[in-house]
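**Student:** Next comes structure_20.cif, mmCIF, C-alpha atoms and all ligand atoms:
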data_run
loop_
_atom_site.label_atom_id
_atom_site.label_comp_id
_atom_site.auth_asym_id
_atom_site.auth_seq_id
_atom_site.Cartn_x
_atom_site.Cartn_y
_atom_site.Cartn_z
CA MET A 106 -39.86 -85.96 184.64
CA LEU A 107 -40.95 -85.12 181.10
CA ALA A 108 -38.20 -82.74 180.06
CA GLY A 109 -36.59 -84.02 176.87
CA LYS A 110 -38.76 -87.14 176.68
CA LYS A 111 -39.89 -88.18 173.21
CA ILE A 112 -43.52 -89.22 173.11
CA LEU A 113 -45.25 -90.71 170.11
CA LEU A 114 -48.94 -89.93 170.52
CA ILE A 115 -51.31 -92.09 168.49
CA ILE A 116 -54.70 -90.44 168.24
CA GLY A 117 -57.44 -93.00 167.63
CA GLY A 118 -60.99 -92.36 166.48
CA GLY A 119 -63.27 -91.24 169.27
CA VAL A 120 -65.11 -88.21 170.56
CA ALA A 121 -62.34 -87.88 173.15
CA ALA A 122 -59.79 -87.15 170.39
CA TYR A 123 -60.18 -83.42 171.10
CA LYS A 124 -58.78 -84.04 174.59
CA SER A 125 -55.60 -85.34 172.96
CA LEU A 126 -55.01 -81.86 171.56
CA LEU A 127 -54.96 -80.59 175.14
CA LEU A 128 -52.67 -83.48 176.05
CA ILE A 129 -50.14 -82.39 173.40
CA ARG A 130 -50.07 -78.93 174.99
CA ASP A 131 -49.80 -80.32 178.49
CA LEU A 132 -46.87 -82.58 177.62
CA GLN A 133 -45.06 -79.86 175.69
CA LYS A 134 -45.44 -77.45 178.61
CA GLN A 135 -43.61 -80.01 180.72
CA GLY A 136 -40.76 -80.16 178.22
CA ALA A 137 -41.68 -83.29 176.28
CA PHE A 138 -41.25 -83.59 172.53
CA VAL A 139 -44.52 -84.89 171.04
CA ARG A 140 -44.80 -86.47 167.61
CA CYS A 141 -48.29 -87.48 166.45
CA VAL A 142 -49.87 -90.27 164.46
CA LEU A 143 -53.50 -89.73 163.46
CA THR A 144 -55.55 -92.78 162.50
CA PRO A 145 -58.11 -92.43 159.69
CA ALA A 146 -60.89 -92.67 162.31
CA GLY A 147 -59.08 -90.11 164.48
CA ALA A 148 -59.02 -87.74 161.51
CA GLU A 149 -62.84 -87.82 161.54
CA PHE A 150 -62.75 -86.11 164.93
CA VAL A 151 -59.71 -83.81 164.79
CA THR A 152 -57.95 -82.48 161.72
CA PRO A 153 -54.30 -83.13 160.81
CA LEU A 154 -53.96 -79.36 160.64
CA SER A 155 -54.86 -78.80 164.29
CA VAL A 156 -52.73 -81.77 165.42
CA GLY A 157 -49.75 -80.57 163.37
CA GLY A 158 -50.30 -76.98 164.44
CA LEU A 159 -50.11 -77.94 168.09
CA SER A 160 -47.32 -80.48 167.87
CA GLY A 161 -45.26 -78.26 165.57
CA ASP A 162 -44.28 -81.32 163.55
CA ARG A 163 -45.61 -83.26 160.59
CA VAL A 164 -48.51 -85.58 161.37
CA TYR A 165 -48.06 -89.22 160.36
CA GLN A 166 -51.18 -90.81 158.86
CA GLU A 167 -50.38 -93.37 156.19
CA LEU A 168 -48.56 -96.66 156.37
CA PHE A 169 -47.44 -96.48 152.76
CA ASP A 170 -46.24 -92.90 152.61
CA LEU A 171 -43.11 -92.60 150.49
CA THR A 172 -42.17 -89.19 151.84
CA ALA A 173 -42.52 -90.35 155.40
CA GLU A 174 -40.59 -93.54 154.69
CA ALA A 175 -37.81 -91.50 153.10
CA GLU A 176 -37.65 -89.20 156.14
CA MET A 177 -38.19 -91.81 158.81
CA GLY A 178 -39.39 -95.39 158.29
CA HIS A 179 -42.30 -96.59 160.40
CA ILE A 180 -40.07 -98.91 162.43
CA GLU A 181 -37.78 -96.02 163.28
CA LEU A 182 -40.80 -93.84 164.07
CA SER A 183 -41.95 -96.23 166.79
CA ARG A 184 -38.53 -96.98 168.18
CA SER A 185 -37.23 -93.44 168.35
CA ALA A 186 -39.79 -92.61 171.06
CA ASP A 187 -39.34 -93.07 174.79
CA LEU A 188 -43.02 -93.92 175.17
CA LEU A 189 -45.95 -94.63 172.84
CA VAL A 190 -49.23 -93.21 174.11
CA VAL A 191 -52.48 -94.23 172.46
CA ALA A 192 -55.17 -91.69 173.31
CA PRO A 193 -57.98 -92.27 172.71
CA THR A 194 -57.60 -96.04 172.45
CA THR A 195 -60.72 -97.42 170.80
CA ALA A 196 -62.03 -100.97 171.31
CA ASP A 197 -60.85 -101.67 167.76
CA LEU A 198 -57.29 -100.50 168.48
CA MET A 199 -57.18 -102.58 171.66
CA ALA A 200 -58.34 -105.64 169.72
CA LYS A 201 -55.69 -105.06 167.05
CA MET A 202 -52.98 -104.65 169.67
CA ALA A 203 -54.04 -107.75 171.59
CA ASN A 204 -54.14 -109.86 168.44
CA GLY A 205 -51.07 -108.52 166.71
CA LEU A 206 -52.81 -106.99 163.68
CA ALA A 207 -50.76 -104.60 161.60
CA ASN A 208 -52.92 -103.35 158.75
CA ASP A 209 -52.46 -99.61 159.16
CA LEU A 210 -49.84 -97.22 160.44
CA ALA A 211 -50.95 -97.14 164.11
CA SER A 212 -51.24 -100.92 164.53
CA THR A 213 -47.98 -101.50 162.64
CA LEU A 214 -46.13 -99.07 164.89
CA LEU A 215 -47.60 -100.72 167.98
CA LEU A 216 -46.55 -104.15 166.80
CA ALA A 217 -43.08 -103.05 165.71
CA THR A 218 -42.16 -101.12 168.82
CA ASP A 219 -39.89 -102.24 171.61
CA THR A 220 -40.57 -99.17 173.75
CA PRO A 221 -43.22 -99.04 176.52
CA VAL A 222 -46.81 -98.39 175.48
CA MET A 223 -49.55 -96.62 177.45
CA ILE A 224 -53.21 -96.76 176.44
CA ALA A 225 -56.03 -94.43 177.43
CA PRO A 226 -59.16 -96.39 176.53
CA SER A 227 -62.25 -94.52 175.36
CA MET A 228 -65.45 -96.18 174.25
CA ASN A 229 -69.09 -96.85 175.02
CA VAL A 230 -69.66 -98.53 178.39
CA ARG A 231 -71.09 -101.72 176.83
CA MET A 232 -68.09 -101.99 174.53
CA TRP A 233 -65.77 -101.50 177.53
CA GLU A 234 -67.57 -104.11 179.60
CA HIS A 235 -67.81 -106.62 176.75
CA PRO A 236 -65.89 -109.83 177.59
CA ALA A 237 -63.92 -109.47 174.34
CA THR A 238 -62.60 -106.02 175.34
CA GLN A 239 -61.91 -107.12 178.91
CA LYS A 240 -60.01 -110.16 177.58
CA ASN A 241 -57.98 -107.89 175.28
CA LEU A 242 -57.27 -105.59 178.22
CA LYS A 243 -56.04 -108.52 180.29
CA THR A 244 -53.80 -109.68 177.45
CA LEU A 245 -52.33 -106.21 176.98
CA LYS A 246 -51.72 -105.75 180.70
CA SER A 247 -50.05 -109.14 180.95
CA ARG A 248 -47.64 -107.90 178.26
CA GLY A 249 -46.80 -104.86 180.34
CA VAL A 250 -48.92 -102.30 178.46
CA LEU A 251 -49.64 -99.40 180.84
CA THR A 252 -53.22 -98.19 181.20
CA VAL A 253 -54.79 -94.96 182.35
CA GLY A 254 -58.56 -94.76 182.80
CA PRO A 255 -61.18 -95.06 181.54
CA ASP A 256 -63.25 -92.89 183.88
CA GLU A 257 -66.85 -93.29 184.88
CA GLY A 258 -69.37 -90.69 183.75
CA ASP A 259 -71.83 -89.51 181.13
CA MET A 260 -70.97 -90.61 177.62
CA ALA A 261 -71.39 -88.75 174.37
CA CYS A 262 -73.88 -91.45 173.32
CA GLY A 263 -76.14 -90.62 176.27
CA GLU A 264 -75.29 -93.67 178.38
CA TYR A 265 -73.55 -93.65 181.74
CA GLY A 266 -70.69 -95.78 183.02
CA TYR A 267 -67.01 -96.57 182.53
CA GLY A 268 -65.58 -95.65 179.13
CA ARG A 269 -64.78 -91.94 179.24
CA MET A 270 -61.16 -91.27 178.36
CA ALA A 271 -59.09 -90.03 181.34
CA GLU A 272 -58.62 -86.26 181.43
CA PRO A 273 -55.48 -84.95 179.67
CA GLU A 274 -53.84 -83.84 182.92
CA VAL A 275 -54.41 -87.30 184.42
CA ILE A 276 -52.81 -88.92 181.36
CA ALA A 277 -49.90 -86.47 181.58
CA ASP A 278 -49.47 -87.33 185.29
CA ALA A 279 -49.52 -91.06 184.48
CA ILE A 280 -46.84 -90.48 181.82
CA GLY A 281 -44.76 -88.53 184.36
CA ASP A 282 -45.21 -91.33 186.92
CA HIS A 283 -44.07 -93.86 184.35
CA PHE A 284 -40.82 -92.00 183.70
CA GLU A 285 -40.29 -91.35 187.41
CA PHE A 286 -40.76 -95.02 188.19
CA ALA A 287 -38.51 -96.09 185.31
CA ALA A 288 -35.80 -93.69 186.51
CA SER A 289 -35.99 -94.90 190.10
CA ALA A 290 -35.89 -98.54 189.00
CA GLU A 291 -32.82 -97.78 186.89
CA THR A 292 -30.93 -95.93 189.59
CA THR A 293 -31.77 -98.26 192.43
CA LEU A 294 -31.47 -101.56 190.70
CA GLY A 295 -29.10 -100.89 187.86
CA THR A 296 -30.47 -103.98 186.22
CA PRO A 297 -33.84 -105.63 186.68
CA GLN A 298 -34.00 -109.00 188.41
CA GLY A 299 -32.73 -107.44 191.65
CA LEU A 300 -34.50 -110.20 193.60
CA ARG A 301 -32.64 -113.10 192.05
CA GLY A 302 -31.88 -115.67 194.76
CA LYS A 303 -34.54 -114.29 197.14
CA ARG A 304 -37.52 -116.33 198.33
CA ILE A 305 -40.70 -114.38 198.98
CA VAL A 306 -44.07 -115.53 200.28
CA VAL A 307 -47.20 -113.60 199.22
CA THR A 308 -50.70 -114.07 200.62
CA SER A 309 -53.58 -113.00 198.39
CA GLY A 310 -57.36 -113.06 198.02
CA PRO A 311 -60.06 -113.54 200.61
CA THR A 312 -60.52 -116.40 203.03
CA HIS A 313 -63.75 -118.38 203.18
CA GLU A 314 -64.82 -119.37 206.67
CA PRO A 315 -67.44 -122.13 206.53
CA ILE A 316 -70.74 -121.87 208.39
CA ASP A 317 -72.14 -125.17 207.16
CA PRO A 318 -71.50 -127.31 204.05
CA VAL A 319 -73.03 -124.69 201.74
CA ARG A 320 -72.43 -121.29 203.36
CA TYR A 321 -69.40 -119.33 204.36
CA ILE A 322 -68.22 -115.91 205.59
CA ALA A 323 -66.11 -114.05 203.04
CA ASN A 324 -65.18 -110.58 201.82
CA ARG A 325 -64.87 -108.71 198.53
CA SER A 326 -61.16 -109.29 197.83
CA SER A 327 -60.55 -110.46 194.25
CA GLY A 328 -56.88 -111.30 194.72
CA LYS A 329 -55.89 -108.85 191.94
CA GLN A 330 -53.50 -106.86 194.12
CA GLY A 331 -51.84 -109.85 195.79
CA HIS A 332 -51.51 -111.81 192.53
CA ALA A 333 -50.05 -108.74 190.80
CA ILE A 334 -47.44 -108.49 193.57
CA ALA A 335 -46.55 -112.16 193.14
CA GLY A 336 -46.14 -111.58 189.37
CA ALA A 337 -44.00 -108.47 189.84
CA LEU A 338 -41.72 -110.28 192.29
CA VAL A 339 -41.29 -113.16 189.82
CA ALA A 340 -40.40 -110.59 187.15
CA GLU A 341 -37.71 -109.26 189.50
CA GLY A 342 -36.24 -112.75 189.69
CA ALA A 343 -37.59 -113.88 193.10
CA GLU A 344 -38.74 -117.39 193.92
CA VAL A 345 -42.35 -116.71 194.88
CA ILE A 346 -44.78 -118.85 196.85
CA LEU A 347 -48.29 -117.50 196.41
CA ILE A 348 -50.71 -118.56 199.11
CA SER A 349 -54.13 -117.67 197.85
CA GLY A 350 -57.65 -117.87 199.14
CA PRO A 351 -60.42 -118.65 196.62
CA THR A 352 -60.22 -116.32 193.58
CA ARG A 353 -61.07 -116.50 189.90
CA LEU A 354 -57.52 -115.62 188.91
CA ASP A 355 -54.80 -117.80 187.49
CA ALA A 356 -51.58 -117.71 189.45
CA PRO A 357 -48.98 -115.58 187.63
CA SER A 358 -46.64 -117.84 185.72
CA GLY A 359 -43.41 -118.64 187.46
CA CYS A 360 -44.73 -118.71 191.02
CA THR A 361 -45.74 -121.69 193.13
CA LEU A 362 -49.41 -121.61 194.10
CA ARG A 363 -50.70 -123.00 197.38
CA ALA A 364 -54.49 -122.70 197.29
CA VAL A 365 -56.28 -122.43 200.63
CA GLU A 366 -59.77 -121.62 201.89
CA THR A 367 -59.60 -120.57 205.50
CA ALA A 368 -57.42 -118.32 207.63
CA GLU A 369 -56.14 -121.31 209.58
CA GLU A 370 -55.08 -123.04 206.34
CA MET A 371 -53.47 -119.81 205.14
CA LEU A 372 -51.45 -119.51 208.35
CA SER A 373 -50.33 -123.11 208.18
CA GLU A 374 -49.24 -122.83 204.49
CA THR A 375 -47.45 -119.54 205.21
CA LEU A 376 -45.50 -121.10 208.07
CA ASN A 377 -44.75 -124.15 205.87
CA ALA A 378 -43.37 -121.86 203.15
CA LEU A 379 -40.72 -120.40 205.49
CA PRO A 380 -37.83 -119.71 205.62
CA ALA A 381 -38.18 -116.73 203.32
CA ASP A 382 -36.44 -113.42 202.83
CA ALA A 383 -39.72 -111.53 202.81
CA VAL A 384 -43.43 -112.08 203.35
CA VAL A 385 -46.09 -109.83 201.82
CA CYS A 386 -49.53 -110.23 203.41
CA ALA A 387 -51.95 -108.81 200.84
CA ALA A 388 -54.74 -111.27 201.63
CA ALA A 389 -57.97 -110.03 203.17
CA VAL A 390 -58.13 -112.59 205.95
CA ALA A 391 -61.40 -112.99 207.84
CA ASP A 392 -60.84 -111.87 211.41
CA TYR A 393 -63.40 -114.35 212.73
CA ARG A 394 -64.63 -117.84 211.95
CA VAL A 395 -67.68 -119.74 213.10
CA GLU A 396 -67.00 -121.49 216.39
CA ALA A 397 -68.69 -124.76 215.45
CA VAL A 398 -69.17 -125.44 211.74
CA ALA A 399 -72.49 -127.28 211.22
CA GLU A 400 -72.11 -130.72 209.75
CA ASN A 401 -75.37 -130.38 207.81
CA LYS A 402 -77.00 -127.45 206.10
CA LEU A 403 -78.63 -125.18 208.67
CA LYS A 404 -82.40 -125.07 208.27
CA LYS A 405 -84.65 -122.11 208.80
CA ASP A 406 -86.64 -124.03 211.36
CA ASP A 407 -83.58 -125.50 213.07
CA GLU A 408 -83.90 -125.94 216.81
CA ASN A 409 -80.56 -124.14 217.15
CA ASP A 410 -81.22 -120.56 216.26
CA ALA A 411 -79.54 -120.37 212.83
CA ARG A 412 -79.76 -116.58 212.86
CA THR A 413 -77.09 -116.30 215.53
CA LEU A 414 -73.57 -117.33 214.65
CA SER A 415 -71.09 -117.73 217.43
CA LEU A 416 -67.70 -116.51 216.20
CA VAL A 417 -64.15 -117.01 217.43
CA GLU A 418 -61.10 -115.01 216.45
CA ASN A 419 -58.90 -116.30 213.65
CA PRO A 420 -55.13 -116.44 214.00
CA ASP A 421 -53.42 -113.30 212.74
CA ILE A 422 -50.98 -114.42 210.05
CA LEU A 423 -49.18 -111.10 209.67
CA LYS A 424 -48.74 -110.71 213.41
CA THR A 425 -47.57 -114.31 213.84
CA ILE A 426 -44.92 -113.95 211.11
CA SER A 427 -43.82 -110.50 212.31
CA GLN A 428 -43.34 -111.74 215.86
CA LEU A 429 -41.72 -115.11 215.15
CA PRO A 430 -39.04 -115.65 217.79
CA ASN A 431 -36.93 -117.65 215.33
CA GLY A 432 -36.69 -117.45 211.57
CA ARG A 433 -38.49 -114.13 211.18
CA PRO A 434 -38.12 -113.04 207.53
CA GLU A 435 -35.92 -109.99 207.02
CA LEU A 436 -38.84 -107.99 205.66
CA VAL A 437 -42.49 -108.43 206.65
CA ILE A 438 -45.05 -106.32 204.81
CA GLY A 439 -48.73 -106.02 205.60
CA PHE A 440 -51.60 -104.23 203.93
CA ALA A 441 -54.15 -102.11 205.71
CA ALA A 442 -57.61 -101.87 204.20
CA GLU A 443 -59.19 -98.82 205.81
CA THR A 444 -62.32 -96.79 205.21
CA GLU A 445 -61.44 -93.73 207.34
CA LYS A 446 -58.33 -92.11 208.88
CA VAL A 447 -56.43 -94.41 206.54
CA ILE A 448 -52.88 -93.45 207.50
CA ASP A 449 -53.55 -93.17 211.26
CA HIS A 450 -55.18 -96.58 211.38
CA ALA A 451 -52.54 -98.14 209.14
CA SER A 452 -49.70 -96.79 211.30
CA ALA A 453 -51.38 -98.10 214.44
CA LYS A 454 -51.85 -101.48 212.76
CA ARG A 455 -48.17 -101.61 211.81
CA ALA A 456 -47.15 -100.98 215.43
CA ARG A 457 -49.69 -103.47 216.80
CA LYS A 458 -48.71 -106.29 214.46
CA GLY A 459 -44.98 -105.59 214.44
CA CYS A 460 -44.48 -105.71 210.66
CA ASP A 461 -41.84 -103.59 208.92
CA TRP A 462 -43.98 -101.87 206.32
CA ILE A 463 -47.69 -101.39 205.85
CA VAL A 464 -49.24 -100.59 202.50
CA ALA A 465 -52.31 -98.52 203.37
CA ASN A 466 -55.21 -98.48 200.94
CA ASP A 467 -58.55 -96.75 201.13
CA VAL A 468 -61.34 -99.29 200.61
CA SER A 469 -64.27 -97.02 201.38
CA THR A 470 -67.37 -97.23 199.19
CA GLY A 471 -66.80 -95.73 195.77
CA THR A 472 -63.03 -96.22 195.67
CA GLY A 473 -63.40 -99.53 193.83
CA THR A 474 -60.26 -100.83 195.54
CA PHE A 475 -61.81 -104.20 196.33
CA GLY A 476 -62.12 -106.02 193.02
CA GLY A 477 -61.07 -103.03 190.88
CA ASP A 478 -58.00 -102.67 188.68
CA ASP A 479 -56.56 -99.56 190.32
CA ASN A 480 -55.33 -98.69 193.77
CA GLN A 481 -54.07 -95.62 195.57
CA VAL A 482 -51.72 -96.58 198.36
CA THR A 483 -49.42 -95.06 200.94
CA LEU A 484 -46.34 -96.96 201.98
CA VAL A 485 -45.91 -96.57 205.74
CA ARG A 486 -42.37 -97.26 206.97
CA ASP A 487 -39.84 -96.05 209.56
CA ALA A 488 -38.25 -94.03 206.77
CA GLY A 489 -41.49 -92.01 206.46
CA ASN A 490 -44.74 -92.27 204.56
CA GLU A 491 -44.80 -92.31 200.77
CA SER A 492 -48.10 -91.59 199.08
CA TRP A 493 -48.27 -92.97 195.54
CA PRO A 494 -50.70 -91.59 192.99
CA LYS A 495 -53.63 -93.71 191.90
CA MET A 496 -52.34 -96.29 189.44
CA SER A 497 -53.09 -99.80 188.23
CA LYS A 498 -52.63 -102.62 190.73
CA ASP A 499 -49.93 -103.95 188.38
CA ASP A 500 -48.03 -100.68 188.72
CA VAL A 501 -48.45 -100.70 192.52
CA ALA A 502 -47.04 -104.22 192.44
CA ARG A 503 -44.06 -103.23 190.27
CA ARG A 504 -43.28 -100.27 192.50
CA LEU A 505 -43.51 -102.38 195.62
CA ALA A 506 -41.28 -105.05 194.06
CA THR A 507 -38.67 -102.35 193.37
CA LYS A 508 -38.86 -101.14 196.98
CA ILE A 509 -38.51 -104.71 198.25
CA SER A 510 -35.54 -105.21 195.98
CA GLU A 511 -33.87 -102.08 197.37
CA ALA A 512 -34.54 -103.20 200.94
CA LEU A 513 -33.16 -106.71 200.46
CA LYS A 514 -30.07 -105.54 198.63
CA PRO A 515 -26.97 -106.76 200.46
O1 LIG B 1 -57.88 -108.42 196.32
P1 LIG B 1 -58.21 -107.11 195.66
O2 LIG B 1 -59.63 -107.05 195.17
O3 LIG B 1 -57.21 -106.75 194.61
O4 LIG B 1 -58.12 -105.95 196.77
C1 LIG B 1 -56.88 -105.68 197.36
C2 LIG B 1 -57.00 -105.55 198.89
C3 LIG B 1 -57.84 -104.33 199.22
C4 LIG B 1 -57.63 -106.79 199.50
C5 LIG B 1 -55.53 -105.41 199.44
O5 LIG B 1 -54.93 -104.31 198.81
C6 LIG B 1 -55.52 -105.25 200.95
O6 LIG B 1 -55.68 -104.18 201.50
N1 LIG B 1 -55.31 -106.42 201.65
C7 LIG B 1 -55.42 -106.47 203.12
C8 LIG B 1 -56.86 -106.50 203.49
C9 LIG B 1 -57.05 -106.65 204.97
O7 LIG B 1 -57.50 -107.68 205.40
O8 LIG B 1 -56.66 -105.66 205.68
P2 LIG B 1 -56.76 -105.62 207.31
O9 LIG B 1 -56.56 -104.21 207.62
O10 LIG B 1 -57.99 -106.27 207.79
O11 LIG B 1 -55.53 -106.51 207.77
C10 LIG B 1 -54.25 -105.94 207.97
C11 LIG B 1 -53.17 -106.91 207.59
O12 LIG B 1 -53.20 -108.05 208.44
C12 LIG B 1 -53.23 -107.42 206.18
O13 LIG B 1 -51.91 -107.52 205.71
C13 LIG B 1 -53.84 -108.82 206.33
O14 LIG B 1 -53.37 -109.71 205.31
C14 LIG B 1 -53.30 -109.22 207.67
N2 LIG B 1 -54.17 -110.14 208.43
C15 LIG B 1 -55.39 -109.75 208.87
C16 LIG B 1 -56.15 -110.60 209.63
C17 LIG B 1 -55.64 -111.89 209.92
N3 LIG B 1 -56.35 -112.75 210.65
N4 LIG B 1 -54.45 -112.26 209.47
C18 LIG B 1 -53.69 -111.41 208.72
O15 LIG B 1 -52.59 -111.75 208.30
#
Show me, as C-alpha cells, the structure contained in the file I just sent.

**Tutor:**
Amino acid sequence: MLAGKKILLIIGGGVAAYKSLLLIRDLQKQGAFVRCVLTPAGAEFVTPLSVGGLSGDRVYQELFDLTAEAEMGHIELSRSADLLVVAPTTADLMAKMANGLANDLASTLLLATDTPVMIAPSMNVRMWEHPATQKNLKTLKSRGVLTVGPDEGDMACGEYGYGRMAEPEVIADAIGDHFEFAASAETTLGTPQGLRGKRIVVTSGPTHEPIDPVRYIANRSSGKQGHAIAGALVAEGAEVILISGPTRLDAPSGCTLRAVETAEEMLSETLNALPADAVVCAAAVADYRVEAVAENKLKKDDENDARTLSLVENPDILKTISQLPNGRPELVIGFAAETEKVIDHASAKRARKGCDWIVANDVSTGTGTFGGDDNQVTLVRDAGNESWPKMSKDDVARRLATKISEALKP
C-alpha cells in the first residue's frame, strides 16, 4: 500500500526519536518517499545528518529558511504529502496541534495542511495521563487525526506505564492500514456520504440493572466503541439514533440521543426507533436483572438475605430485532465480547441470534478493549471472516461505516 506514497515525517523531541530513523528505512523499503522535518528538540536526540542520510533528501528545520522557501514554501511542503506522520509526538506538539499554535516549522505545517495527519505519541506516563494531554488527544481525534500507540512499558525516565512510542514496524503498519482503508473507501463509495438517506439505530454503553435505590448491576463498557460508530455513520450521511446506557461521553454531534438505563428500556427505545435500514448493537447489555427491585436500600441485617439476588433473564435486543417478523431492518449487526475462542463463540452467537454480521472482539484481561481507545475485531459474515488489525475504536467505526455503506448500496 505504500508504494509511491509521499510521507512527511515530523520528528519531535523525545528519546524515541531514534526509532524514527528506523521508521524512515521501513517506509522506504515499502516504496514510500519520505521527506523529514526535524524540530529543534528533535535535533537534540538525532542529528540532521543521520536523518538526511537515511531519507536521502534535505532535512527541513527552520520556519524562516529562505533557501527552503525558494525551493518549496512551507505550505507546499505540508500539502505535497499524502500523509503527515508526527513521530515522536511530544506532549508539547500535541498541545500546539490541539490549540492551533504555529510558532515553528512543525506546528505551522500541521496547521496549514489539508492532508491526513497521524501522531505517534511519546512521553512520560504522567504527562500522557494528565487531563490536559488527554483533552488534547480527544480534540485531535475528534478532528480526524489518526493515532498509533503509545505502548505500555518501561520508560527512559525509569517509570512504567503508557507513553512509549509505538515500534517503527507498528507505525509503518498503521500507515499502510490508513492507505488501504482510504483506497477501499474511495473505490467502494466513490464519494463519502454513502449513507445519505439511510436511518440507522446504534446501541451503545452498558446497562444498569437496579438492585435497590442505590445499587445496580453493570459492566465495564464505556460506550467509546458504540459512540464512535454513531459518529462515523453520521459522517457518512446517515440519520443516526443513538440509544445509550449510562456513559460519561457526549453523543457525537449530528445524532439523536435516547438515554436509557436498563435493558428493558433499551429494547423499548430500539423498537420505538424503527423502522430503520440498519441496527448496530454495540451495547453491553446485562443478560440478567434483579427479579424484584427493593423499594428501600437493602440493609446488612435485613430479614431477607441481601447476599442472595434472585435474577431473571433480560430481553435480548439483538435477537428480538434480528427475528422481527415484520419490519426487520435490512442489516442487523451485533457485537460479540469474548474472552476465549473468540471467533467460534462469535459465529455461534451470530447463528443463535439471527443477525447478519457479528463484530467479534476479544475482551479478555489485558486487552483493554473495555474502556480503552483501541480494538482488534473480526467481522464475521456469510461472505467470510475479516480480521482487522488493532486500531483505534474511531478507525474500527469508520471501517464498519464503510462496510455498512457498501451493504446498503442499492
Ligand atoms: O464500550 P467500550 O468500552 O468501548 O467497549 C466496547 C465493547 C467491548 C462493549 C463492544 O465492542 C462490544 O463488544 N459490545 C457488545 C458487548 C456484549 O454485550 O457482548 P455479548 O457477547 O454479551 O452480546 C452479544 C450481542 O448481543 C451484542 O451485540 C449485544 O449488544 C447484544 N445483546 C446482548 C444481550 C442482550 N440482552 N441484548 C442484546 O442485544

**Student:** Sorted by chain and rising residue number, which residues of stretch 215-297 of chain A lie within 12 Å of stretch 204-207 of chain A, and what are their closest atom pairs and distances in Å to one decimal, counting all atoms listed in the file, as JSON lines?

**Tutor:**
{"residue": "A:Leu215", "atom": "CA", "partner": "A:Ala207", "partner_atom": "CA", "distance": 8.1}
{"residue": "A:Leu216", "atom": "CA", "partner": "A:Gly205", "partner_atom": "CA", "distance": 6.3}
{"residue": "A:Ala217", "atom": "CA", "partner": "A:Ala207", "partner_atom": "CA", "distance": 8.8}
{"residue": "A:Thr218", "atom": "CA", "partner": "A:Ala207", "partner_atom": "CA", "distance": 11.8}
{"residue": "A:Ala237", "atom": "CA", "partner": "A:Asn204", "partner_atom": "CA", "distance": 11.4}
{"residue": "A:Thr238", "atom": "CA", "partner": "A:Asn204", "partner_atom": "CA", "distance": 11.6}
{"residue": "A:Lys240", "atom": "CA", "partner": "A:Asn204", "partner_atom": "CA", "distance": 10.9}
{"residue": "A:Asn241", "atom": "CA", "partner": "A:Asn204", "partner_atom": "CA", "distance": 8.1}
{"residue": "A:Leu242", "atom": "CA", "partner": "A:Asn204", "partner_atom": "CA", "distance": 11.1}
{"residue": "A:Thr244", "atom": "CA", "partner": "A:Asn204", "partner_atom": "CA", "distance": 9.0}
{"residue": "A:Leu245", "atom": "CA", "partner": "A:Asn204", "partner_atom": "CA", "distance": 9.5}
{"residue": "A:Arg248", "atom": "CA", "partner": "A:Asn204", "partner_atom": "CA", "distance": 11.9}

**Student:** What's the separation between atom CA of A:Ala186 and atom CA of A:Lys110, in Å to one decimal place?

**Tutor:**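 Spanning atom CA of A:Ala186 to atom CA of A:Lys110 is a straight-line distance of 7.9 Å.
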
**Student:** Rank nothing, just name the residue among A:Ile463, A:Ala488, A:Ala389, A:Leu505 nearest to ligand LIG 1 (chain B), using only C-alpha atoms and all ligand atoms.

**Tutor:**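 Closest to ligand LIG 1 (chain B) of all the choices is A:Ala389.
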
**Student:** What gap, in Å, lies between atom CA of A:Arg486 and atom CA of A:Ser452?

**Tutor:** 8.5 Å

**Student:** With only C-alpha atoms counted, which protein, DNA or RNA residues have an atom no more than 8 Å from (-56.7, -97.5, 202.4) in the file frame? Please answer as a PyMOL selection string.

**Tutor:** chain A and resi 441-445+447-448+451+465-469+481-483

**Student:** Residues within 8 Å of ligand LIG 1 (chain B), counting all atoms listed in the file: report them as number ranges by chain.

**Tutor:** A: 308-311, 325-332, 368, 372, 385-393, 418-425, 438-443, 451, 454, 458, 463-468, 474-478, 480, 498

**Student:** Name the residues in contact with A:Ser125 at a cut-off of 8 Å, using all atoms listed in the file, excluding same-chain residues fewer than 4 positions from it; report them as a PyMOL selection string.

**Tutor:** chain A and resi 116+121+129+192-193+273

**Student:** Restricting the calculation to all atoms listed in the file, which member of A:Met228, A:Lys508, A:Ser415, A:Arg163 is positioned closest to A:Val120?

**Tutor:**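 Smallest distance to A:Val120 is found for A:Met228.
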
**Student:** May I have the residues within 6 Å of A:Leu347 as a list in words, using only C-alpha atoms and disregarding those fewer than 4 positions away in the same chain?

**Tutor:**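 Final neighbour list, sorted by chain and number: Val307, Thr308, Thr361 and Leu362 of chain A.
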
**Student:** List the spatial neighbours of A:Pro351 as a list in words - criterion: any atom at most 8 Å away, all atoms listed in the file, same-chain residues fewer than 4 positions off excluded.

**Tutor:**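 Contacts, in chain order: Gly310, Pro311, Thr312, His313, Ala364, Val365 and Glu366 of chain A.
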
**Student:** Give me a file of those residues, with C-alpha atoms, as a PDB file, keeping the file's coordinate frame.

**Tutor:**
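Below you can see selection04.pdb, which holds the result:
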ATOM      1  CA  GLY A 310     -57.360-113.060 198.020  1.00  0.00           C
ATOM      2  CA  PRO A 311     -60.060-113.540 200.610  1.00  0.00           C
ATOM      3  CA  THR A 312     -60.520-116.400 203.030  1.00  0.00           C
ATOM      4  CA  HIS A 313     -63.750-118.380 203.180  1.00  0.00           C
ATOM      5  CA  ALA A 364     -54.490-122.700 197.290  1.00  0.00           C
ATOM      6  CA  VAL A 365     -56.280-122.430 200.630  1.00  0.00           C
ATOM      7  CA  GLU A 366     -59.770-121.620 201.890  1.00  0.00           C
TER       8      GLU A 366
END

**Student:** For A:Met371, which residue among A:Ile426, A:Ala343, A:Leu210, A:Val139 is the nearest when counting all atoms listed in the file?

**Tutor:** A:Ile426

**Student:** Nearest to A:Thr472 among A:Glu257, A:Gly263, A:Ala340, A:Leu113, with distances taken over only C-alpha atoms: which residue is it?

**Tutor:**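 Counting only C-alpha atoms, the residue closest to A:Thr472 is A:Glu257.
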
**Student:** By how many Å are atom CA of A:Ile334 and atom CA of A:Val306 apart?

**Tutor:** 10.3 Å
